[in-house]
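The next block is data-v7.txt, given as compact mmCIF, C-alpha atoms.
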```txt
# COMPACT_ATOMS: atom_id res chain seq x y z
CA PHE H 1 0.00 0.00 0.00
CA LEU H 2 2.88 2.37 -0.68
CA CYS H 3 3.75 4.45 -3.69
CA VAL H 4 7.50 3.97 -3.94
CA LEU H 5 9.54 6.95 -5.08
CA GLY H 6 10.32 6.74 -8.77
CA THR H 7 7.96 3.91 -9.73
CA VAL H 8 6.01 4.22 -12.95
CA SER H 9 2.69 2.99 -11.54
CA CYS H 10 2.38 5.91 -9.17
CA THR H 11 3.32 8.53 -11.70
CA LEU H 12 0.36 7.55 -13.91
CA PHE H 13 -2.00 9.50 -11.66
CA LEU H 14 -2.59 13.10 -12.63
CA ALA H 15 -0.47 15.44 -10.55
CA VAL H 16 -2.42 17.86 -8.40
CA ASN H 17 -1.30 20.86 -6.40
CA GLY H 18 -2.10 19.28 -3.05
CA LEU H 19 -4.55 16.94 -1.36
CA TYR H 20 -5.60 19.25 1.46
CA SER H 21 -6.85 22.81 1.75
CA ALA H 22 -7.19 25.42 4.48
CA SER H 23 -10.82 24.43 5.03
CA ASP H 24 -9.83 20.92 6.16
CA ASP H 25 -9.06 20.00 9.76
CA VAL H 26 -5.79 18.52 8.48
CA ILE H 27 -2.95 20.96 9.22
CA GLU H 28 -0.62 21.49 6.26
CA LEU H 29 2.98 21.21 7.46
CA THR H 30 6.09 22.58 5.72
CA PRO H 31 9.76 22.88 6.64
CA THR H 32 9.01 26.44 7.74
CA ASN H 33 6.34 25.58 10.33
CA PHE H 34 7.14 21.96 11.20
CA ASN H 35 9.47 22.73 14.08
CA LYS H 36 7.08 25.21 15.72
CA GLU H 37 3.88 23.24 15.13
CA VAL H 38 5.06 19.70 15.79
CA ILE H 39 8.47 19.53 17.46
CA GLN H 40 7.87 22.30 19.98
CA SER H 41 4.32 21.17 20.67
CA GLU H 42 3.14 19.38 23.81
CA SER H 43 0.37 17.76 21.74
CA LEU H 44 0.32 14.31 20.20
CA TRP H 45 0.61 14.52 16.41
CA LEU H 46 -0.25 12.15 13.57
CA VAL H 47 1.57 13.27 10.43
CA GLU H 48 1.07 11.90 6.92
CA PHE H 49 3.90 12.30 4.42
CA TYR H 50 2.33 12.16 0.96
CA ALA H 51 2.86 12.91 -2.73
CA PRO H 52 -0.02 14.49 -4.69
CA TRP H 53 0.52 12.09 -7.61
CA CYS H 54 0.36 8.97 -5.42
CA GLY H 55 -2.84 6.93 -5.86
CA HIS H 56 -2.63 5.36 -2.40
CA CYS H 57 -2.36 8.88 -0.92
CA GLN H 58 -5.36 10.06 -2.90
CA ARG H 59 -7.42 7.14 -1.60
CA LEU H 60 -6.31 7.84 1.98
CA THR H 61 -7.20 11.56 1.79
CA PRO H 62 -10.95 11.37 2.69
CA GLU H 63 -10.24 8.98 5.56
CA TRP H 64 -7.44 11.21 6.84
CA LYS H 65 -9.76 14.23 6.75
CA LYS H 66 -12.47 12.34 8.66
CA ALA H 67 -9.98 11.27 11.33
CA ALA H 68 -8.70 14.86 11.66
CA THR H 69 -12.25 16.15 12.22
CA ALA H 70 -13.02 13.44 14.78
CA LEU H 71 -9.78 14.09 16.68
CA LYS H 72 -10.02 17.89 16.56
CA GLY H 73 -9.05 19.39 19.91
CA VAL H 74 -7.76 16.01 21.12
CA VAL H 75 -4.94 14.96 18.78
CA LYS H 76 -3.33 17.08 16.06
CA VAL H 77 -3.47 15.65 12.55
CA GLY H 78 -1.13 17.02 9.90
CA ALA H 79 0.13 16.34 6.39
CA VAL H 80 3.39 17.06 4.56
CA ASP H 81 3.64 17.24 0.79
CA ALA H 82 6.92 15.30 0.80
CA ASP H 83 7.19 15.51 -2.97
CA LYS H 84 7.34 19.29 -2.71
CA HIS H 85 9.29 19.30 0.57
CA GLN H 86 11.71 16.46 -0.04
CA SER H 87 14.14 17.68 2.60
CA LEU H 88 11.51 17.24 5.31
CA GLY H 89 10.60 13.79 4.09
CA GLY H 90 14.27 12.89 3.93
CA GLN H 91 14.76 13.91 7.54
CA TYR H 92 12.33 11.18 8.58
CA GLY H 93 13.54 8.53 6.16
CA VAL H 94 10.41 8.65 4.01
CA ARG H 95 10.91 6.27 1.09
CA GLY H 96 7.31 5.63 0.04
CA PHE H 97 3.89 7.27 0.15
CA PRO H 98 1.86 7.61 2.23
CA THR H 99 4.05 7.29 5.30
CA ILE H 100 2.34 8.04 8.62
CA LYS H 101 4.30 8.86 11.75
CA ILE H 102 3.17 9.42 15.32
CA PHE H 103 4.95 12.19 17.25
CA GLY H 104 4.33 11.54 20.93
CA ALA H 105 6.07 12.54 24.17
CA ASN H 106 9.54 12.26 22.65
CA LYS H 107 9.39 14.21 19.43
CA ASN H 108 12.90 12.99 18.55
CA LYS H 109 11.64 9.43 18.20
CA ALA H 110 8.61 9.43 15.91
CA GLU H 111 6.90 6.04 15.60
CA ASP H 112 5.76 4.55 12.32
CA TYR H 113 2.00 3.96 12.07
CA GLN H 114 1.40 0.47 10.68
CA GLY H 115 -2.39 0.24 11.13
CA GLY H 116 -5.30 0.28 8.73
CA ARG H 117 -6.06 3.13 6.33
CA THR H 118 -9.63 3.78 7.51
CA SER H 119 -10.64 6.70 9.69
CA ASP H 120 -11.76 4.30 12.44
CA ALA H 121 -8.36 2.56 12.53
CA ILE H 122 -6.52 5.88 12.50
CA VAL H 123 -8.62 7.27 15.36
CA ASP H 124 -8.16 4.10 17.43
CA ALA H 125 -4.38 4.27 16.98
CA ALA H 126 -4.35 7.96 17.91
CA LEU H 127 -6.35 7.39 21.11
CA SER H 128 -4.13 4.44 22.04
CA ALA H 129 -1.01 6.58 21.59
CA LEU H 130 -2.64 9.39 23.55
CA ARG H 131 -3.46 7.01 26.40
CA SER H 132 0.20 5.88 26.53
CA LEU H 133 1.40 9.49 26.56
CA VAL H 134 -0.91 10.44 29.45
CA LYS H 135 0.03 7.36 31.48
CA ASP H 136 3.71 8.14 30.94
CA ARG H 137 3.16 11.64 32.26
CA LEU H 138 1.23 10.29 35.23
CA SER H 139 4.11 7.98 36.13
CA GLY H 140 6.65 10.79 35.70
CA ARG H 141 8.44 9.19 32.77
CA SER H 142 7.90 12.20 30.55
CA GLY H 143 8.43 15.79 31.45
CA GLY H 144 7.26 17.20 28.15
CA TYR H 145 9.45 18.37 25.32
CA SER H 146 11.41 21.55 24.92
CA SER H 147 12.28 22.70 21.46
CA GLY H 148 15.65 22.08 19.93
CA LYS H 149 16.29 25.81 19.77
CA GLN H 150 15.60 26.17 23.48
CA SER H 151 17.79 23.19 24.15
CA ARG H 152 20.68 24.70 22.19
CA GLU H 153 20.34 27.98 24.05
CA SER H 154 20.10 26.46 27.50
CA GLY H 155 23.31 26.24 29.40
CA GLY H 156 24.25 29.68 28.06
CA ALA H 157 27.96 29.86 28.79
CA ASP H 158 28.71 26.45 27.29
CA LYS H 159 27.48 27.55 23.89
CA LYS H 160 28.44 31.20 24.11
CA ASP H 161 30.98 30.96 21.29
CA VAL H 162 28.70 29.24 18.74
CA ILE H 163 27.25 31.98 16.53
CA GLU H 164 23.60 31.43 15.58
CA LEU H 165 23.00 32.49 11.97
CA THR H 166 19.77 33.09 10.08
CA ASP H 167 18.61 33.77 6.53
CA ASP H 168 18.84 37.48 7.31
CA SER H 169 22.23 37.53 9.05
CA PHE H 170 24.18 34.93 7.07
CA ASP H 171 25.53 36.92 4.13
CA LYS H 172 26.43 39.95 6.23
CA ASN H 173 28.44 37.84 8.67
CA VAL H 174 29.88 35.05 6.54
CA ILE H 175 30.07 35.77 2.83
CA ASN H 176 32.03 39.01 3.02
CA SER H 177 34.12 38.03 6.03
CA ASP H 178 37.90 37.76 5.98
CA ASP H 179 37.59 35.07 8.66
CA VAL H 180 37.06 31.34 8.09
CA TRP H 181 33.61 30.03 9.06
CA MET H 182 32.64 26.47 9.92
CA VAL H 183 28.84 26.34 9.81
CA GLU H 184 26.69 23.50 11.12
CA PHE H 185 23.25 23.15 9.55
CA TYR H 186 21.06 21.31 12.05
CA ALA H 187 17.49 20.30 12.78
CA PRO H 188 16.22 20.54 16.37
CA TRP H 189 14.70 17.05 16.24
CA CYS H 190 17.86 15.40 14.87
CA GLY H 191 19.56 12.99 17.28
CA HIS H 192 22.95 13.24 15.58
CA CYS H 193 22.74 17.02 15.89
CA LYS H 194 22.09 16.73 19.62
CA ASN H 195 25.10 14.42 19.97
CA LEU H 196 27.25 16.92 18.09
CA GLU H 197 26.01 19.94 20.04
CA PRO H 198 28.30 19.74 23.13
CA GLU H 199 31.32 18.87 20.97
CA TRP H 200 30.60 21.79 18.64
CA ALA H 201 30.18 24.16 21.58
CA ALA H 202 33.41 23.07 23.27
CA ALA H 203 35.31 23.28 19.99
CA ALA H 204 33.94 26.78 19.33
CA THR H 205 35.43 28.08 22.57
CA GLU H 206 38.81 26.43 22.00
CA VAL H 207 39.02 27.54 18.37
CA LYS H 208 38.12 31.11 19.29
CA GLU H 209 40.98 31.20 21.79
CA GLN H 210 43.59 29.49 19.62
CA THR H 211 42.88 31.43 16.44
CA LYS H 212 42.12 34.76 18.16
CA GLY H 213 38.65 34.66 16.59
CA LYS H 214 39.91 34.21 13.02
CA VAL H 215 38.05 30.91 12.66
CA LYS H 216 34.42 31.00 13.75
CA LEU H 217 32.01 28.15 14.49
CA ALA H 218 28.36 28.83 13.74
CA ALA H 219 25.02 27.05 13.59
CA VAL H 220 21.94 27.39 11.37
CA ASP H 221 18.55 25.87 12.21
CA ALA H 222 17.83 24.58 8.71
CA THR H 223 14.18 23.83 9.53
CA VAL H 224 13.58 27.55 10.12
CA ASN H 225 16.05 29.09 7.69
CA GLN H 226 14.83 27.40 4.53
CA MET H 227 16.46 29.88 2.16
CA LEU H 228 19.93 28.92 3.39
CA ALA H 229 19.16 25.22 3.48
CA SER H 230 17.96 25.38 -0.12
CA ARG H 231 20.84 27.55 -1.33
CA TYR H 232 23.44 25.11 -0.02
CA GLY H 233 21.55 21.92 -0.88
CA ILE H 234 21.22 20.67 2.68
CA ARG H 235 19.76 17.15 2.54
CA GLY H 236 20.75 15.63 5.86
CA PHE H 237 21.64 16.69 9.36
CA PRO H 238 23.97 17.72 10.69
CA THR H 239 25.74 19.07 7.60
CA ILE H 240 28.89 21.12 8.23
CA LYS H 241 30.28 23.43 5.56
CA VAL H 242 33.45 25.52 5.49
CA PHE H 243 33.23 29.07 4.10
CA GLN H 244 36.31 31.04 3.07
CA LYS H 245 36.30 34.39 1.32
CA GLY H 246 36.41 34.13 -2.44
CA GLU H 247 35.95 30.34 -2.48
CA ASP H 248 32.99 28.01 -2.90
CA PRO H 249 31.91 26.38 0.38
CA VAL H 250 33.19 22.85 0.93
CA ASP H 251 31.77 20.04 3.05
CA TYR H 252 33.50 19.12 6.29
CA ASP H 253 33.60 15.34 6.40
CA GLY H 254 35.91 14.85 9.38
CA GLY H 255 35.22 13.43 12.82
CA ARG H 256 32.54 14.82 15.10
CA THR H 257 34.54 15.07 18.33
CA ARG H 258 35.84 18.31 19.81
CA SER H 259 39.43 17.38 19.02
CA ASP H 260 38.59 16.49 15.39
CA ILE H 261 36.78 19.78 14.88
CA VAL H 262 39.53 21.82 16.55
CA ALA H 263 42.25 20.11 14.49
CA ARG H 264 40.45 20.95 11.24
CA ALA H 265 39.84 24.52 12.37
CA LEU H 266 43.52 25.01 13.20
CA ASP H 267 44.50 23.61 9.80
CA LEU H 268 42.16 26.08 8.14
CA PHE H 269 43.58 28.87 10.27
CA SER H 270 47.20 28.09 9.50
CA ASP H 271 46.49 27.61 5.79
CA ASN H 272 45.02 31.10 5.65
CA ALA H 273 47.20 32.81 8.22
CA PRO H 274 50.31 34.78 7.33
CA PRO H 275 53.57 33.36 8.73
CA PRO H 276 54.22 34.34 12.34
CA GLU H 277 56.09 37.54 13.02
CA LEU H 278 59.84 37.39 13.54
CA LEU H 279 60.54 39.72 16.45
CA GLU H 280 63.76 41.15 17.82
CA ILE H 281 64.14 40.79 21.59
CA ILE H 282 64.36 44.46 22.50
CA ASN H 283 62.82 44.16 25.97
CA GLU H 284 61.44 41.67 28.46
CA ASP H 285 57.86 42.06 27.26
CA VAL H 286 58.68 40.81 23.74
CA LEU H 287 60.26 37.63 25.09
CA LYS H 288 57.62 36.93 27.74
CA THR H 289 54.59 37.65 25.55
CA THR H 290 55.85 35.53 22.66
CA CYS H 291 57.06 32.56 24.69
CA ASP H 292 54.03 32.48 27.00
CA ALA H 293 51.60 32.54 24.09
CA HIS H 294 53.12 29.66 22.10
CA GLN H 295 53.96 26.03 22.74
CA LEU H 296 57.53 26.68 21.63
CA CYS H 297 59.45 29.85 20.93
CA ILE H 298 62.36 29.62 18.53
CA ILE H 299 65.15 31.99 19.59
CA SER H 300 68.09 32.76 17.32
CA VAL H 301 71.25 34.59 18.42
CA LEU H 302 72.79 36.21 15.34
CA PRO H 303 76.35 37.45 14.98
CA HIS H 304 77.15 41.06 15.82
CA ILE H 305 76.27 43.47 13.02
CA LEU H 306 79.98 44.38 12.61
CA ASP H 307 80.69 40.75 11.80
CA THR H 308 78.06 40.32 9.11
CA GLY H 309 76.86 43.71 7.92
CA ALA H 310 73.24 44.26 6.97
CA SER H 311 73.27 41.83 4.04
CA GLY H 312 74.68 38.99 6.14
CA ARG H 313 72.15 39.57 8.91
CA ASN H 314 69.28 39.75 6.46
CA SER H 315 70.30 36.43 4.94
CA TYR H 316 70.05 34.81 8.40
CA LEU H 317 66.67 36.49 8.99
CA ASP H 318 65.46 35.23 5.60
CA VAL H 319 66.29 31.66 6.61
CA MET H 320 64.29 32.11 9.80
CA LEU H 321 61.34 33.59 7.91
CA LYS H 322 61.29 30.66 5.49
CA MET H 323 61.28 28.23 8.40
CA ALA H 324 58.54 30.22 10.14
CA GLU H 325 56.44 29.89 6.98
CA LYS H 326 57.18 26.19 6.64
CA TYR H 327 56.22 25.45 10.25
CA LYS H 328 53.43 28.02 10.63
CA LYS H 329 50.86 25.29 11.34
CA LYS H 330 52.73 24.62 14.57
CA MET H 331 52.00 28.20 15.63
CA TRP H 332 55.36 28.68 17.32
CA GLY H 333 56.82 32.04 18.28
CA TRP H 334 59.94 33.33 16.50
CA LEU H 335 62.52 35.65 18.09
CA TRP H 336 66.06 36.83 17.51
CA THR H 337 68.71 38.87 19.26
CA GLU H 338 72.22 40.08 18.51
CA ALA H 339 75.21 38.31 20.04
CA GLY H 340 76.11 39.92 23.33
CA ALA H 341 72.92 42.00 23.60
CA GLN H 342 71.30 39.48 25.96
CA SER H 343 74.28 37.62 27.38
CA ASP H 344 72.34 36.33 30.42
CA LEU H 345 69.76 34.76 28.11
CA GLU H 346 72.50 33.20 26.01
CA SER H 347 74.05 31.64 29.11
CA SER H 348 70.72 30.26 30.32
CA LEU H 349 70.26 28.54 26.93
CA GLY H 350 73.76 27.10 26.82
CA ILE H 351 74.91 29.33 24.01
CA GLY H 352 77.33 31.17 26.26
CA GLY H 353 79.05 33.74 24.08
CA PHE H 354 80.33 31.74 21.12
CA GLY H 355 79.29 29.79 18.04
CA TYR H 356 77.08 32.35 16.26
CA PRO H 357 74.58 32.12 14.72
CA ALA H 358 72.88 29.86 17.25
CA MET H 359 69.30 28.68 17.78
CA ALA H 360 67.34 27.32 20.73
CA ALA H 361 63.74 26.06 20.90
CA VAL H 362 62.24 26.86 24.29
CA ASN H 363 59.17 25.46 26.00
CA ALA H 364 58.37 28.27 28.45
CA ARG H 365 55.79 26.23 30.35
CA LYS H 366 58.28 23.49 31.18
CA MET H 367 61.31 25.80 31.08
CA LYS H 368 63.21 23.36 28.88
CA PHE H 369 65.11 24.00 25.69
CA ALA H 370 66.80 22.21 22.82
CA LEU H 371 69.81 23.53 20.90
CA LEU H 372 70.41 23.46 17.16
CA LYS H 373 73.44 21.23 16.67
CA GLY H 374 73.54 21.33 12.86
CA SER H 375 74.14 24.19 10.49
CA PHE H 376 72.19 27.43 10.63
CA SER H 377 70.68 26.81 7.19
CA GLU H 378 67.29 25.83 5.81
CA GLN H 379 68.33 22.17 5.78
CA GLY H 380 69.93 22.20 9.23
CA ILE H 381 67.10 24.11 10.91
CA ASN H 382 64.47 22.01 9.13
CA GLU H 383 66.01 18.79 10.49
CA PHE H 384 66.20 20.32 13.98
CA LEU H 385 62.56 21.46 13.98
CA ARG H 386 61.28 18.28 12.37
CA GLU H 387 62.85 16.23 15.17
CA LEU H 388 61.27 18.53 17.75
CA SER H 389 57.84 18.33 16.12
CA VAL H 390 57.74 14.55 16.50
CA GLY H 391 58.97 14.66 20.08
CA ARG H 392 62.58 13.70 19.48
CA GLY H 393 65.79 15.52 20.30
CA SER H 394 67.58 16.12 23.58
CA THR H 395 66.39 18.87 25.93
CA ALA H 396 67.85 20.56 28.99
CA PRO H 397 66.38 22.80 31.69
CA VAL H 398 66.70 26.55 31.20
CA GLY H 399 69.53 27.79 33.42
CA GLY H 400 68.14 29.02 36.73
CA GLY H 401 64.72 27.54 35.97
CA ALA H 402 63.40 30.81 34.53
CA PHE H 403 64.24 33.39 31.92
CA PRO H 404 66.93 35.80 33.18
CA LYS H 405 66.61 39.55 33.19
CA ILE H 406 66.23 40.95 29.68
CA HIS H 407 67.94 44.24 28.89
CA ALA H 408 66.13 46.94 26.93
CA VAL H 409 68.02 47.65 23.71
CA GLU H 410 67.44 49.80 20.65
CA PRO H 411 65.96 47.81 17.74
CA TRP H 412 68.20 47.20 14.77
CA ASP H 413 67.82 50.00 12.23
CA GLY H 414 68.46 47.72 9.26
CA LYS H 415 71.81 49.33 8.46
CA ASP H 416 75.40 48.18 8.51
CA GLY H 417 77.09 48.64 11.86
CA GLU H 418 79.58 51.42 12.51
CA LEU H 419 82.69 51.23 14.63
CA PRO H 420 82.56 53.54 17.66
CA VAL H 421 84.10 56.94 16.95
CA GLU H 422 87.41 57.37 18.79
CA ASP H 423 88.40 60.68 20.36
CA ASP H 424 90.78 62.73 18.21
CA ILE H 425 94.23 63.21 19.77
CA ASP H 426 95.49 66.80 19.64
CA LEU H 427 99.25 66.70 19.03
CA SER H 428 99.70 70.46 18.60
CA ASP H 429 101.24 70.94 22.04
CA VAL H 430 103.72 68.09 21.71
CA ASP H 431 107.30 69.08 20.79
CA LEU H 432 108.23 66.25 18.51
CA ASP H 433 111.89 67.31 18.46
CA ASP H 434 112.15 66.96 22.24
CA TRP H 435 110.33 63.57 22.05
CA ASP H 436 112.81 62.30 19.50
CA LYS H 437 115.74 63.37 21.66
CA ASP H 438 114.32 61.62 24.70
CA GLU H 439 113.78 58.43 22.77
CA LEU H 440 117.30 58.54 21.62
```

Here is the file; what I need is its structure written in the form of structure tokens.
Amino acid sequence: FLCVLGTVSCTLFLAVNGLYSASDDVIELTPTNFNKEVIQSESLWLVEFYAPWCGHCQRLTPEWKKAATALKGVVKVGAVDADKHQSLGGQYGVRGFPTIKIFGANKNKAEDYQGGRTSDAIVDAALSALRSLVKDRLSGRSGGYSSGKQSRESGGADKKDVIELTDDSFDKNVINSDDVWMVEFYAPWCGHCKNLEPEWAAAATEVKEQTKGKVKLAAVDATVNQMLASRYGIRGFPTIKVFQKGEDPVDYDGGRTRSDIVARALDLFSDNAPPPELLEIINEDVLKTTCDAHQLCIISVLPHILDTGASGRNSYLDVMLKMAEKYKKKMWGWLWTEAGAQSDLESSLGIGGFGYPAMAAVNARKMKFALLKGSFSEQGINEFLRELSVGRGSTAPVGGGAFPKIHAVEPWDGKDGELPVEDDIDLSDVDLDDWDKDEL
């Protein structure tokens, strides 16, 4: 007694605009009103999913109308044109017509109606389901149902960093944004969405902190915001899409745990982020801020400017910048100082006044460091950092267990160094003849 999607026999019936009208006691349901009318309702609902062209649906129509009139004020009776609103039918796994579902105390778990197709059979099933619902309430097994939207908003602080988007706010916030957006399209009744919700919320907070708000996690109730759901072809829930400026959105098909979501967000962030800044240690704040904010800070001690000149120093800085770009996904901090400018820091890192240029990778939380043993070149530094990134390489505690005092120095002006100007010696008062005689 089902019209199966795509079969020829059902398509032989003349298509009509719909089987129900406003004058019927059957409530027409659409993706726009389904959540409010059914999911958020305390009432028991019988919902028929039909296709206007389906002969079995057409034969059921008068019986469905009779049942709706008989149950008026007792049980809600609705109908969904699932041929027109395929997304709504798809949400409930509708594969043939008519499909009848009973939405009782737990609106997340609709039951399939398997009874007869007469009004008497439909009314009997409705009253039986209603009796079960009332008895459940009497025994305290059901406390009613709160809407998915309310559920997502409850617990406030936990979900504070998930941005709720709508048809009206989406383009303004997402499409023209320089930030990366990960957007979850959900349905309030969807069990998988409810499972994802706490993971998505926790990930949103962590991603906001780690990317300084440059990657945003958002959510769209696709049952309410039909324009967006249609524009992006949302067919199942939850669907997660990644939006980046100037690019078509792509589906996120990774894991659904907090750590999976965060890992993908950080990849997106580092792919789009510029390489980290390479800062000269000119005061204590530069060192502390950089090393406290990153898992590792890479500190180079470059030769004195008189030893290399501007071109030599810039070549070393270029090597560091290339490595910072290569390892930018690690989100490490990058610093440099001139030999002798921070001698206490050099000593605490085992550099100790010789062997320039030198490099140390410092974990400021553990106050441990590792020294570059190879050459200060792209190849040598790459090998050093690659070993560190997989947890290999020997480390030692920072001397004294903390960073030493950092001296404030003038930042390098980008020029060649100049030897200090020596005082001129005035020889005008010296009698060279007398000096020569004395020497003799």

*Using all atoms listed in the file, which residues sit within 9 Å of segment 211-225 of chain H once same-chain residues fewer than 5 positions away are excluded, as a VMD selection string?*
chain H and resid 31 to 36 88 149 161 to 168 170 178 to 188 200 to 201 203 to 206 230 234 237 240 265 to 266 268 to 270 273

*asked:* Would you compute the distance between atom CA of Lys328 of chain H and atom CA of Asp267 of chain H? Give it in Å to one decimal.
replied: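 Separating atom CA of Lys328 of chain H from atom CA of Asp267 of chain H is a distance of 10.0 Å.
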
*Selection: 7 Å around segment 99-103 of chain H, only C-alpha atoms, excl. self and same-chain fewer than 3 positions, as a VMD selection string*: chain H and resid 44 to 50 94 96 107 110 to 113

*Interatomic distance (Å, one decimal) between atom CA of Asp81 of chain H and atom CA of Glu42 of chain H*: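 Here the two named atoms are 23.1 Å from each other.
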
*asked:* As an exercise, work out the distance from atom CA of Ala229 of chain H to atom CA of Glu199 of chain H in Å and give it to one decimal place.
replied: 22.2 Å

*With distances taken over all atoms listed in the file, which of H:Ile27, H:Leu385, H:Ile39, H:Ala129 is nearest to Met323 of chain H?*
H:Leu385

*Would you please work out which residue, of H:Gly340, H:Gly417, H:Gly399, H:Pro274, is nearest to Gly312 of chain H when using only C-alpha atoms?*
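Closest to Gly312 of chain H, using only C-alpha atoms: H:Gly417.
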
*With only C-alpha atoms as the atoms that count, which of H:Gly254, H:Gly78, H:Gly350, H:Gly380 lies nearest to Pro397 of chain H?*
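Among the listed residues, the smallest separation from Pro397 of chain H belongs to H:Gly350.
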
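Take the candidates H:Cys291, H:Leu317, H:Leu371, H:Glu247 and check each one against Ala402 of chain H using all atoms listed in the file; the shortest distance goes to H:Cys291.
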
*asked:* Given the point (63.1, 30.3, 17.3) in the file's coordinates, find the residues that have an atom at most 6 Å from it, counting all atoms listed in the file, and give them as a PyMOL selection string.
replied: chain H and resi 297-300+334-335+361

*Using only C-alpha atoms, find the one residue out of H:Lys405, H:Asn272, H:Gln210, H:Asn314 that sits nearest to Asp285 of chain H.*
H:Lys405

Where is the centre and how long are the edges: axis-aligned box on segment 395-408 of chain H, 3 Å on each side, Å to one decimal, as AutoDock Vina command-line options:
```
--center_x 66.5 --center_y 32.9 --center_z 31.3 --size_x 12.1 --size_y 34.1 --size_z 16.8
```

*Which one of H:Met367, H:Leu127, H:Ala202, H:Leu19 sits closest to Ala70 of chain H if you count only C-alpha atoms?*
H:Leu127

_Which residues are close to Cys57 of chain H, i.e. within 6 Å by all atoms listed in the file, leaving aside same-chain residues fewer than 3 positions away? Reply as JSON, numbers by chain._
{"H": [54, 60, 98]}

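Summary of the local environment: counting only C-alpha atoms, residues at most 12 Å from Asp120 of chain H, other than itself and those fewer than 4 positions away along its chain, are Glu63, Trp64, Lys65, Lys66, Ala67, Ala68, Thr69, Ala70, Leu71, Gly115, Gly116, Asp124, Ala125, Ala126 and Leu127 of chain H.
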
Here's a test: counting all atoms listed in the file, identify every protein, DNA and RNA residue with an atom at most 9 Å from (67.4, 46.6, 10.5) in the file's coordinate frame, and state them as a PDB file with C-alpha atoms, keeping the file's coordinate frame.
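Result written to point-v5.pdb:
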```pdb
ATOM      1  CA  ALA H 310      73.240  44.260   6.970  1.00  0.00           C
ATOM      2  CA  ARG H 313      72.150  39.570   8.910  1.00  0.00           C
ATOM      3  CA  ASN H 314      69.280  39.750   6.460  1.00  0.00           C
ATOM      4  CA  PRO H 411      65.960  47.810  17.740  1.00  0.00           C
ATOM      5  CA  TRP H 412      68.200  47.200  14.770  1.00  0.00           C
ATOM      6  CA  ASP H 413      67.820  50.000  12.230  1.00  0.00           C
ATOM      7  CA  GLY H 414      68.460  47.720   9.260  1.00  0.00           C
ATOM      8  CA  LYS H 415      71.810  49.330   8.460  1.00  0.00           C
ATOM      9  CA  ASP H 416      75.400  48.180   8.510  1.00  0.00           C
TER      10      ASP H 416
END
```
